[in-house]
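What follows is structure-v8.txt (compact mmCIF, C-alpha atoms).
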```txt
# COMPACT_ATOMS: atom_id res chain seq x y z
CA MET A 169 -25.31 -15.02 8.03
CA GLY A 170 -25.41 -18.82 7.71
CA LEU A 171 -22.63 -19.21 10.26
CA THR A 172 -24.46 -16.92 12.70
CA VAL A 173 -27.57 -19.10 12.40
CA LEU A 174 -25.45 -22.19 13.08
CA LEU A 175 -23.89 -20.46 16.09
CA ILE A 176 -27.31 -19.53 17.48
CA ALA A 177 -28.48 -23.14 17.01
CA GLN A 178 -25.39 -24.30 18.90
CA ILE A 179 -26.06 -21.78 21.68
CA VAL A 180 -29.69 -22.92 22.00
CA LEU A 181 -28.56 -26.58 22.18
CA THR A 182 -25.98 -25.71 24.85
CA ILE A 183 -28.53 -23.74 26.88
CA THR A 184 -30.96 -26.67 26.70
CA LEU A 185 -28.35 -29.16 27.92
CA ALA A 186 -27.08 -26.81 30.63
CA VAL A 187 -30.64 -26.30 31.88
CA VAL A 188 -31.04 -30.09 32.03
CA PHE A 189 -27.94 -30.33 34.25
CA PHE A 190 -29.19 -27.42 36.34
CA VAL A 191 -32.53 -29.13 36.96
CA ARG A 192 -31.25 -32.71 37.25
CA PRO A 193 -27.55 -32.77 38.25
CA SER A 194 -28.08 -36.40 39.30
CA ILE A 195 -27.79 -37.34 35.61
CA THR A 196 -24.01 -37.21 36.10
CA ALA A 197 -24.14 -40.25 38.41
CA GLY A 198 -23.65 -42.59 35.44
CA ALA A 199 -20.70 -42.73 33.04
CA SER A 200 -22.79 -41.57 30.06
CA GLY A 201 -24.15 -38.70 32.17
CA LYS A 202 -20.60 -37.64 33.08
CA PHE A 203 -19.62 -37.74 29.42
CA LEU A 204 -22.69 -35.68 28.45
CA ALA A 205 -21.93 -33.17 31.22
CA PHE A 206 -18.40 -32.76 29.88
CA ILE A 207 -19.81 -32.04 26.41
CA ALA A 208 -22.55 -29.71 27.70
CA LEU A 209 -20.58 -27.79 30.33
CA CYS A 210 -17.13 -27.69 28.77
CA ILE A 211 -16.86 -28.49 25.06
CA LEU A 212 -20.02 -26.80 23.77
CA PRO A 213 -19.63 -23.58 25.82
CA ALA A 214 -15.98 -23.36 24.71
CA LEU A 215 -17.12 -23.69 21.09
CA CYS A 216 -19.79 -21.02 21.71
CA ILE A 217 -17.09 -18.66 23.04
CA ALA A 218 -14.87 -19.32 20.00
CA GLY A 219 -17.81 -18.93 17.59
CA GLY A 220 -18.97 -15.75 19.33
CA MET A 221 -15.50 -14.20 19.19
CA SER A 222 -15.12 -15.03 15.53
CA THR A 223 -18.60 -13.66 14.69
CA HIS A 224 -18.07 -10.47 16.69
CA MET A 225 -14.65 -9.91 15.11
CA ASP A 226 -16.23 -10.27 11.64
CA ARG A 227 -19.17 -8.00 12.47
CA SER A 228 -16.89 -5.32 13.88
CA GLU A 229 -15.30 -4.94 10.44
CA ARG A 230 -18.56 -3.64 8.98
CA THR A 231 -19.10 0.00 8.12
CA ARG A 232 -22.45 0.00 9.97
CA PHE A 233 -20.70 -1.20 13.14
CA CYS A 234 -18.22 1.70 13.11
CA THR A 235 -20.78 4.37 12.26
CA SER A 236 -23.21 3.15 14.93
CA CYS A 237 -21.19 5.15 17.48
CA HIS A 238 -22.38 8.75 17.81
CA ALA A 239 -18.81 10.06 17.59
CA MET A 240 -18.37 8.31 14.23
CA ALA A 241 -21.61 9.56 12.62
CA ASN A 242 -19.99 12.44 10.70
CA TYR A 243 -17.13 10.22 9.58
CA GLY A 244 -19.77 7.87 8.13
CA LYS A 245 -21.51 10.79 6.42
CA SER A 246 -18.22 11.92 4.90
CA LEU A 247 -18.19 8.76 2.79
CA TYR A 248 -21.07 10.30 0.81
CA ILE A 249 -19.45 13.69 0.07
CA ASP A 250 -20.02 14.45 -3.61
CA ASP A 251 -16.44 15.47 -4.39
CA PRO A 252 -13.81 13.11 -5.83
CA ASN A 253 -11.04 15.04 -4.05
CA TYR A 254 -12.19 13.55 -0.75
CA ILE A 255 -10.15 10.37 -0.54
CA PRO A 256 -12.43 8.24 1.72
CA ALA A 257 -15.56 9.25 -0.25
CA GLN A 258 -13.88 8.50 -3.57
CA HIS A 259 -12.76 5.05 -2.39
CA PHE A 260 -16.16 4.23 -0.87
CA GLN A 261 -18.34 5.46 -3.72
CA ASN A 262 -16.25 3.81 -6.44
CA HIS A 263 -15.93 0.52 -4.52
CA ARG A 264 -12.15 0.80 -4.36
CA VAL A 265 -12.72 -0.64 -0.92
CA PRO A 266 -15.64 -2.99 -0.09
CA ALA A 267 -18.53 -0.65 0.76
CA ASP A 268 -19.64 -2.75 3.72
CA MET A 269 -16.10 -2.78 5.15
CA ALA A 270 -15.08 0.75 4.21
CA CYS A 271 -13.68 1.86 7.60
CA TYR A 272 -11.84 -1.37 8.30
CA SER A 273 -10.23 -1.42 4.85
CA CYS A 274 -8.21 1.72 5.59
CA HIS A 275 -8.08 1.74 9.40
CA ALA A 276 -6.99 -1.76 10.37
CA ASP A 277 -3.39 -2.33 11.25
CA TYR A 278 -2.43 -5.08 8.84
CA THR A 279 0.09 -6.82 11.01
CA ILE A 280 -0.21 -10.31 12.46
CA TYR A 281 -2.05 -9.08 15.56
CA GLY A 282 -3.54 -6.07 13.78
CA PRO A 283 -7.30 -6.72 13.89
CA LEU A 284 -7.22 -7.86 17.54
CA ARG A 285 -5.09 -4.89 18.54
CA ASP A 286 -7.50 -2.57 16.72
CA LYS A 287 -10.46 -4.09 18.55
CA LEU A 288 -8.74 -3.67 21.91
CA ARG A 289 -7.95 -0.09 21.04
CA GLY A 290 -11.62 0.32 20.14
CA VAL A 291 -12.56 -0.94 23.59
CA THR A 292 -10.59 1.92 25.15
CA ARG A 293 -12.67 4.30 23.00
CA ILE A 294 -15.88 2.68 24.29
CA TYR A 295 -14.58 3.19 27.82
CA ALA A 296 -13.86 6.86 27.10
CA GLN A 297 -17.27 7.32 25.46
CA TYR A 298 -19.39 5.81 28.24
CA LEU A 299 -17.28 5.84 31.40
CA GLY A 300 -14.59 8.43 30.83
CA THR A 301 -14.21 11.69 28.95
CA PRO A 302 -14.28 11.36 25.17
CA SER A 303 -11.78 13.57 23.36
CA GLN A 304 -13.19 16.35 21.19
CA THR A 305 -11.13 15.35 18.17
CA ILE A 306 -10.51 11.76 17.17
CA GLN A 307 -6.88 11.07 16.45
CA ILE A 308 -5.20 7.89 15.32
CA PRO A 309 -2.44 6.95 17.77
CA GLY A 310 0.88 7.48 16.02
CA GLY A 311 -0.80 9.10 13.01
CA TYR A 312 -2.15 7.52 9.85
CA LYS A 313 0.20 4.87 8.53
CA ASN A 314 1.05 4.88 4.82
CA ARG A 315 1.08 1.10 4.97
CA GLN A 316 -2.73 1.24 4.82
CA CYS A 317 -2.54 2.94 1.42
CA LEU A 318 0.49 1.11 0.06
CA ARG A 319 -1.04 -2.25 0.86
CA CYS A 320 -3.22 -1.78 -2.23
CA HIS A 321 -1.54 0.99 -4.19
CA ALA A 322 2.11 -0.08 -4.13
CA GLY A 323 2.86 -1.83 -7.40
CA ALA A 324 -0.35 -0.63 -9.06
CA ARG A 325 0.26 0.69 -12.59
CA SER A 326 -1.24 4.17 -12.07
CA PHE A 327 0.61 4.58 -8.78
CA ASP A 328 3.98 3.56 -10.19
CA ALA A 329 3.46 5.68 -13.30
CA ASN A 330 3.33 8.84 -11.21
CA PRO A 331 6.88 10.29 -11.06
CA ILE A 332 6.18 12.00 -7.71
CA HIS A 333 5.34 8.66 -6.13
CA VAL A 334 8.50 7.12 -7.54
CA ALA A 335 10.66 10.02 -6.28
CA ILE A 336 9.37 9.87 -2.71
CA MET A 337 8.69 6.15 -2.44
CA ASP A 338 11.34 5.60 0.24
CA SER A 339 9.89 8.38 2.38
CA LEU A 340 6.40 6.93 1.94
CA ALA A 341 7.48 3.39 2.78
CA SER A 342 9.27 4.54 5.94
CA ASN A 343 6.31 6.77 6.90
CA GLU A 344 8.66 9.73 6.96
CA MET A 345 6.18 11.54 4.70
CA SER A 346 2.45 10.94 4.96
CA CYS A 347 0.29 10.21 1.93
CA ILE A 348 -2.32 12.51 3.44
CA SER A 349 0.10 15.34 4.13
CA SER A 350 -0.66 18.85 2.97
CA GLY A 351 -0.46 19.32 -0.79
CA CYS A 352 -0.89 15.62 -1.56
CA HIS A 353 -4.00 13.61 -0.71
CA ASP A 354 -4.98 15.87 2.17
CA MET A 355 -8.76 15.94 1.76
CA VAL A 356 -9.98 13.22 4.06
CA HIS A 357 -13.04 13.03 6.30
CA ASN A 358 -13.55 16.69 7.29
CA PRO A 359 -16.25 15.80 9.88
CA ALA A 360 -16.67 19.39 11.10
CA GLU A 361 -17.79 20.62 7.68
CA VAL A 362 -19.60 17.56 6.42
CA ASP A 363 -23.10 18.95 7.06
CA HIS A 364 -22.39 21.88 4.73
CA LEU A 365 -21.05 19.85 1.82
CA LYS A 366 -22.92 18.47 -1.18
CA MET A 367 -23.78 14.81 -0.68
CA TRP A 368 -24.04 11.92 -3.11
CA SER A 369 -27.03 9.57 -2.91
CA PRO A 370 -26.54 6.00 -4.12
CA GLY A 371 -28.60 5.42 -7.27
CA GLN A 372 -28.49 9.10 -8.18
CA MET B 125 -16.17 -21.58 51.13
CA LYS B 126 -13.99 -23.98 49.13
CA ILE B 127 -15.39 -25.63 46.03
CA GLY B 128 -14.57 -29.07 47.44
CA MET B 129 -16.93 -28.47 50.36
CA LEU B 130 -19.93 -28.04 48.09
CA GLY B 131 -21.80 -31.09 46.83
CA MET B 132 -21.34 -32.15 43.19
CA GLY B 133 -24.99 -31.36 42.44
CA ARG B 134 -24.66 -27.83 43.75
CA VAL B 135 -21.44 -27.18 41.85
CA LEU B 136 -23.04 -28.44 38.63
CA ARG B 137 -25.99 -26.11 39.22
CA ILE B 138 -23.68 -23.12 39.71
CA ALA B 139 -21.64 -24.00 36.61
CA SER B 140 -24.79 -24.56 34.52
CA ALA B 141 -26.35 -21.29 35.68
CA LEU B 142 -23.22 -19.30 34.82
CA ILE B 143 -22.97 -20.93 31.40
CA VAL B 144 -26.66 -20.30 30.64
CA LEU B 145 -26.31 -16.65 31.72
CA GLY B 146 -23.22 -16.24 29.54
CA LEU B 147 -24.99 -17.79 26.56
CA VAL B 148 -28.02 -15.51 27.03
CA VAL B 149 -25.63 -12.55 27.03
CA GLU B 150 -24.06 -13.92 23.83
CA ILE B 151 -27.46 -14.16 22.11
CA ILE B 152 -28.31 -10.59 23.15
CA SER B 153 -24.95 -9.35 21.87
CA LEU B 154 -25.42 -11.13 18.53
CA ALA B 155 -28.79 -9.42 18.03
CA TRP B 156 -27.20 -5.97 18.35
CA LEU B 157 -24.69 -4.50 15.90
CA HIS B 158 -22.91 -1.95 18.09
CA PRO B 159 -19.51 -1.63 19.75
CA LEU B 160 -21.21 -2.04 23.13
CA ALA B 161 -22.46 -5.46 22.02
CA PHE B 162 -18.85 -6.42 21.29
CA ALA B 163 -17.77 -5.27 24.76
CA LEU B 164 -20.79 -6.95 26.38
CA PHE B 165 -19.87 -10.28 24.83
CA MET B 166 -16.12 -10.02 25.42
CA PHE B 167 -16.28 -8.89 29.04
CA VAL B 168 -19.58 -10.19 30.44
CA GLY B 169 -20.49 -13.19 28.27
CA VAL B 170 -17.02 -14.70 28.00
CA SER B 171 -16.36 -14.13 31.72
CA LEU B 172 -19.58 -15.85 32.79
CA MET B 173 -19.08 -18.81 30.46
CA GLY B 174 -15.39 -19.08 31.26
CA LEU B 175 -16.11 -19.07 34.99
CA GLY B 176 -18.82 -21.71 34.51
CA ILE B 177 -16.43 -23.95 32.56
CA LEU B 178 -13.68 -23.47 35.16
CA ILE B 179 -16.02 -24.30 38.04
CA TYR B 180 -17.18 -27.42 36.23
CA LEU B 181 -13.61 -28.52 35.50
CA ALA B 182 -12.53 -27.75 39.06
CA SER B 183 -15.43 -29.83 40.34
CA LEU B 184 -14.10 -32.86 38.46
CA VAL B 185 -10.85 -32.61 40.37
CA LEU B 186 -11.82 -31.12 43.72
CA VAL B 187 -15.32 -32.34 44.56
CA VAL B 188 -15.53 -35.80 46.03
CA SER B 189 -19.13 -36.92 46.20
CA PRO B 190 -20.07 -39.40 48.89
CA PRO B 191 -21.68 -42.53 47.39
CA GLY B 192 -25.24 -41.79 46.29
CA GLU B 193 -24.92 -38.06 47.09
CA ASN B 194 -26.02 -36.85 43.70
CA ARG B 195 -28.50 -39.55 42.86
CA GLY B 196 -31.44 -37.67 44.29
CA GLY B 197 -31.13 -34.65 41.98
```
Is it possible to give me this structure as structure tokens?
Amino acid sequence: MGLTVLLIAQIVLTITLAVVFFVRPSITAGASGKFLAFIALCILPALCIAGGMSTHMDRSERTRFCTSCHAMANYGKSLYIDDPNYIPAQHFQNHRVPADMACYSCHADYTIYGPLRDKLRGVTRIYAQYLGTPSQTIQIPGGYKNRQCLRCHAGARSFDANPIHVAIMDSLASNEMSCISSGCHDMVHNPAEVDHLKMWSPGQ
Amino acid sequence: MKIGMLGMGRVLRIASALIVLGLVVEIISLAWLHPLAFALFMFVGVSLMGLGILIYLASLVLVVSPPGENRGG
């Protein structure tokens, strides 16, 4: 929040200086005016772009950001299903992932360009939603990657103590077998049924 | 019309206007937590500001002001 306030202050300062150069471009006649113009019309706007990108990237990791899209509403609701067998709900309600970054915690590709690539992929969804034809069912390209689960669970005591995990670890690591495959942790969002399921209210 | 044919004052005005517009778009996008705000900033705001910066930088190289041309404002 503090950084956003600083960014807005920087934007207001840049707007003020840019307006000055719009109204009185003759200021650049002198050397100090030229220097000020370079700061106002090059350095400060470039910093505003960098600050804006950083702020937007941070904000887009929030749960509220993801669930603000109509198509995501039922996925957001599914985090409140009152049944510990539902994996996303269990993680969200028990703070196994940060509650305000619940979607991002399990749906970001944790590679070097992961977050940026996820955002760009998100932009294609925005295009489909507003300018194209949105698909009826939302599917993750290439399927859900076990890496998202193993990032936290691999090496954890309770995970390693489970003999099934140990026996199939190679298949999990290579994504040959999915963690959310049938018979394992297969109860995920279930958006089609979410309105008929019992819900948990925080503070209950 | 080539950028070098415009006066320095006019080029500065165009660059300033684009930057101000881009910054206004950025403020609007920051006030709105929605994927469209992200797209608005990335595609509209950054493009306007980037173009403004480029025009300003190009003016430093390409625009040759006659003596006293931009003293009148």
Range 172-178 of chain A: which residues within 9 Å, counting all atoms listed in the file, same-chain residues fewer than 2 positions away excluded, as JSON, numbers by chain?
{"A": [169, 170, 180, 181, 182, 183, 212, 215, 216, 219, 220, 223], "B": [151, 154]}
Identify all chain B residues at most 8 Å from chain A by counting only C-alpha atoms; ligands do not count. Present them as a ChimeraX atom specification.
/B:132-134,136-141,143-144,147,150-151,154,157-160,162-163,165-166,170,173-174,176-177,180-181,194-197
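What separates CA of Ser346 in chain A from CA of Asp363 in chain A is a distance of 26.9 Å.
The two atoms in question, CA of Met269 in chain A and CA of Thr231 in chain A, are spaced 5.1 Å apart.
CA of Ser369 in chain A is positioned 8.6 Å from CA of Asp250 in chain A.
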I'd like the box whose edges run along x, y and z of the file and which contains every listed atom of range 333-352 of chain A, padded by 6 Å per side; could you state its centre and edge lengths in Å, one decimal, as AutoDock Vina command-line options?
```
--center_x 4.5 --center_y 11.4 --center_z -0.3 --size_x 25.7 --size_y 27.9 --size_z 26.5
```
Please identify all polymer residues within 9 Å of Tyr243 in chain A, counting all atoms listed in the file, omitting same-chain residues fewer than 4 positions from it, and present them as an MDAnalysis selection string.
chainID A and resid 235 239 247 357:359 362
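Minimum atom-to-atom distances from B:Ile152, B:Val187, B:Ala182, B:Val135 to Gly169 in chain B were compared using all atoms listed in the file, and the lowest value belongs to B:Ile152.
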Any chance you could model N, CA and C atoms for range 130-166 of chain B and send them as a PDB file, in the coordinates of the input?
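selection_38.pdb, freshly written:
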```pdb
ATOM      1  N   LEU B 130     -18.586 -28.026  48.655  1.00  0.00           N
ATOM      2  CA  LEU B 130     -19.930 -28.040  48.090  1.00  0.00           C
ATOM      3  C   LEU B 130     -20.203 -29.408  47.492  1.00  0.00           C
ATOM      4  N   GLY B 131     -21.461 -29.812  47.453  1.00  0.00           N
ATOM      5  CA  GLY B 131     -21.800 -31.090  46.830  1.00  0.00           C
ATOM      6  C   GLY B 131     -21.665 -30.975  45.314  1.00  0.00           C
ATOM      7  N   MET B 132     -21.489 -32.143  44.650  1.00  0.00           N
ATOM      8  CA  MET B 132     -21.340 -32.150  43.190  1.00  0.00           C
ATOM      9  C   MET B 132     -22.561 -31.539  42.511  1.00  0.00           C
ATOM     10  N   GLY B 133     -23.750 -31.875  43.029  1.00  0.00           N
ATOM     11  CA  GLY B 133     -24.990 -31.360  42.440  1.00  0.00           C
ATOM     12  C   GLY B 133     -25.036 -29.841  42.479  1.00  0.00           C
ATOM     13  N   ARG B 134     -24.613 -29.283  43.597  1.00  0.00           N
ATOM     14  CA  ARG B 134     -24.660 -27.830  43.750  1.00  0.00           C
ATOM     15  C   ARG B 134     -23.644 -27.140  42.824  1.00  0.00           C
ATOM     16  N   VAL B 135     -22.476 -27.754  42.729  1.00  0.00           N
ATOM     17  CA  VAL B 135     -21.440 -27.180  41.850  1.00  0.00           C
ATOM     18  C   VAL B 135     -21.905 -27.215  40.399  1.00  0.00           C
ATOM     19  N   LEU B 136     -22.536 -28.343  40.004  1.00  0.00           N
ATOM     20  CA  LEU B 136     -23.040 -28.440  38.630  1.00  0.00           C
ATOM     21  C   LEU B 136     -24.100 -27.379  38.361  1.00  0.00           C
ATOM     22  N   ARG B 137     -24.936 -27.137  39.380  1.00  0.00           N
ATOM     23  CA  ARG B 137     -25.990 -26.110  39.220  1.00  0.00           C
ATOM     24  C   ARG B 137     -25.364 -24.730  39.025  1.00  0.00           C
ATOM     25  N   ILE B 138     -24.338 -24.435  39.826  1.00  0.00           N
ATOM     26  CA  ILE B 138     -23.680 -23.120  39.710  1.00  0.00           C
ATOM     27  C   ILE B 138     -23.032 -22.983  38.329  1.00  0.00           C
ATOM     28  N   ALA B 139     -22.320 -24.039  37.923  1.00  0.00           N
ATOM     29  CA  ALA B 139     -21.640 -24.000  36.610  1.00  0.00           C
ATOM     30  C   ALA B 139     -22.661 -23.844  35.489  1.00  0.00           C
ATOM     31  N   SER B 140     -23.752 -24.629  35.567  1.00  0.00           N
ATOM     32  CA  SER B 140     -24.790 -24.560  34.520  1.00  0.00           C
ATOM     33  C   SER B 140     -25.403 -23.173  34.463  1.00  0.00           C
ATOM     34  N   ALA B 141     -25.710 -22.613  35.637  1.00  0.00           N
ATOM     35  CA  ALA B 141     -26.350 -21.290  35.680  1.00  0.00           C
ATOM     36  C   ALA B 141     -25.448 -20.237  35.058  1.00  0.00           C
ATOM     37  N   LEU B 142     -24.152 -20.288  35.386  1.00  0.00           N
ATOM     38  CA  LEU B 142     -23.220 -19.300  34.820  1.00  0.00           C
ATOM     39  C   LEU B 142     -23.126 -19.451  33.302  1.00  0.00           C
ATOM     40  N   ILE B 143     -23.077 -20.697  32.847  1.00  0.00           N
ATOM     41  CA  ILE B 143     -22.970 -20.930  31.400  1.00  0.00           C
ATOM     42  C   ILE B 143     -24.227 -20.444  30.685  1.00  0.00           C
ATOM     43  N   VAL B 144     -25.400 -20.750  31.262  1.00  0.00           N
ATOM     44  CA  VAL B 144     -26.660 -20.300  30.640  1.00  0.00           C
ATOM     45  C   VAL B 144     -26.703 -18.769  30.588  1.00  0.00           C
ATOM     46  N   LEU B 145     -26.320 -18.121  31.693  1.00  0.00           N
ATOM     47  CA  LEU B 145     -26.310 -16.650  31.720  1.00  0.00           C
ATOM     48  C   LEU B 145     -25.372 -16.092  30.638  1.00  0.00           C
ATOM     49  N   GLY B 146     -24.195 -16.674  30.546  1.00  0.00           N
ATOM     50  CA  GLY B 146     -23.220 -16.240  29.540  1.00  0.00           C
ATOM     51  C   GLY B 146     -23.752 -16.419  28.127  1.00  0.00           C
ATOM     52  N   LEU B 147     -24.452 -17.534  27.899  1.00  0.00           N
ATOM     53  CA  LEU B 147     -24.990 -17.790  26.560  1.00  0.00           C
ATOM     54  C   LEU B 147     -26.131 -16.834  26.230  1.00  0.00           C
ATOM     55  N   VAL B 148     -26.937 -16.491  27.242  1.00  0.00           N
ATOM     56  CA  VAL B 148     -28.020 -15.510  27.030  1.00  0.00           C
ATOM     57  C   VAL B 148     -27.400 -14.159  26.653  1.00  0.00           C
ATOM     58  N   VAL B 149     -26.337 -13.798  27.360  1.00  0.00           N
ATOM     59  CA  VAL B 149     -25.630 -12.550  27.030  1.00  0.00           C
ATOM     60  C   VAL B 149     -25.101 -12.609  25.601  1.00  0.00           C
ATOM     61  N   GLU B 150     -24.591 -13.770  25.200  1.00  0.00           N
ATOM     62  CA  GLU B 150     -24.060 -13.920  23.830  1.00  0.00           C
ATOM     63  C   GLU B 150     -25.162 -13.724  22.803  1.00  0.00           C
ATOM     64  N   ILE B 151     -26.334 -14.313  23.056  1.00  0.00           N
ATOM     65  CA  ILE B 151     -27.460 -14.160  22.110  1.00  0.00           C
ATOM     66  C   ILE B 151     -27.864 -12.687  21.999  1.00  0.00           C
ATOM     67  N   ILE B 152     -27.944 -12.022  23.165  1.00  0.00           N
ATOM     68  CA  ILE B 152     -28.310 -10.590  23.150  1.00  0.00           C
ATOM     69  C   ILE B 152     -27.277  -9.799  22.343  1.00  0.00           C
ATOM     70  N   SER B 153     -26.006 -10.113  22.564  1.00  0.00           N
ATOM     71  CA  SER B 153     -24.950  -9.350  21.870  1.00  0.00           C
ATOM     72  C   SER B 153     -24.977  -9.610  20.368  1.00  0.00           C
ATOM     73  N   LEU B 154     -25.385 -10.818  19.967  1.00  0.00           N
ATOM     74  CA  LEU B 154     -25.420 -11.130  18.530  1.00  0.00           C
ATOM     75  C   LEU B 154     -26.581 -10.420  17.831  1.00  0.00           C
ATOM     76  N   ALA B 155     -27.619 -10.071  18.623  1.00  0.00           N
ATOM     77  CA  ALA B 155     -28.790  -9.420  18.030  1.00  0.00           C
ATOM     78  C   ALA B 155     -28.582  -7.914  17.880  1.00  0.00           C
ATOM     79  N   TRP B 156     -27.418  -7.407  18.274  1.00  0.00           N
ATOM     80  CA  TRP B 156     -27.200  -5.970  18.350  1.00  0.00           C
ATOM     81  C   TRP B 156     -25.884  -5.630  17.673  1.00  0.00           C
ATOM     82  N   LEU B 157     -25.923  -4.868  16.601  1.00  0.00           N
ATOM     83  CA  LEU B 157     -24.690  -4.500  15.900  1.00  0.00           C
ATOM     84  C   LEU B 157     -24.217  -3.140  16.423  1.00  0.00           C
ATOM     85  N   HIS B 158     -23.390  -3.174  17.445  1.00  0.00           N
ATOM     86  CA  HIS B 158     -22.910  -1.950  18.090  1.00  0.00           C
ATOM     87  C   HIS B 158     -21.644  -2.290  18.859  1.00  0.00           C
ATOM     88  N   PRO B 159     -20.724  -1.342  18.969  1.00  0.00           N
ATOM     89  CA  PRO B 159     -19.510  -1.630  19.750  1.00  0.00           C
ATOM     90  C   PRO B 159     -19.788  -2.070  21.185  1.00  0.00           C
ATOM     91  N   LEU B 160     -20.892  -1.597  21.758  1.00  0.00           N
ATOM     92  CA  LEU B 160     -21.210  -2.040  23.130  1.00  0.00           C
ATOM     93  C   LEU B 160     -21.551  -3.526  23.170  1.00  0.00           C
ATOM     94  N   ALA B 161     -22.145  -4.030  22.089  1.00  0.00           N
ATOM     95  CA  ALA B 161     -22.460  -5.460  22.020  1.00  0.00           C
ATOM     96  C   ALA B 161     -21.172  -6.279  22.027  1.00  0.00           C
ATOM     97  N   PHE B 162     -20.167  -5.774  21.320  1.00  0.00           N
ATOM     98  CA  PHE B 162     -18.850  -6.420  21.290  1.00  0.00           C
ATOM     99  C   PHE B 162     -18.262  -6.474  22.700  1.00  0.00           C
ATOM    100  N   ALA B 163     -18.317  -5.330  23.392  1.00  0.00           N
ATOM    101  CA  ALA B 163     -17.770  -5.270  24.760  1.00  0.00           C
ATOM    102  C   ALA B 163     -18.585  -6.137  25.713  1.00  0.00           C
ATOM    103  N   LEU B 164     -19.912  -6.131  25.539  1.00  0.00           N
ATOM    104  CA  LEU B 164     -20.790  -6.950  26.380  1.00  0.00           C
ATOM    105  C   LEU B 164     -20.420  -8.427  26.271  1.00  0.00           C
ATOM    106  N   PHE B 165     -20.230  -8.877  25.032  1.00  0.00           N
ATOM    107  CA  PHE B 165     -19.870 -10.280  24.830  1.00  0.00           C
ATOM    108  C   PHE B 165     -18.488 -10.584  25.400  1.00  0.00           C
ATOM    109  N   MET B 166     -17.508  -9.742  25.040  1.00  0.00           N
ATOM    110  CA  MET B 166     -16.120 -10.020  25.420  1.00  0.00           C
ATOM    111  C   MET B 166     -15.929 -10.001  26.943  1.00  0.00           C
TER     112      MET B 166
END
```
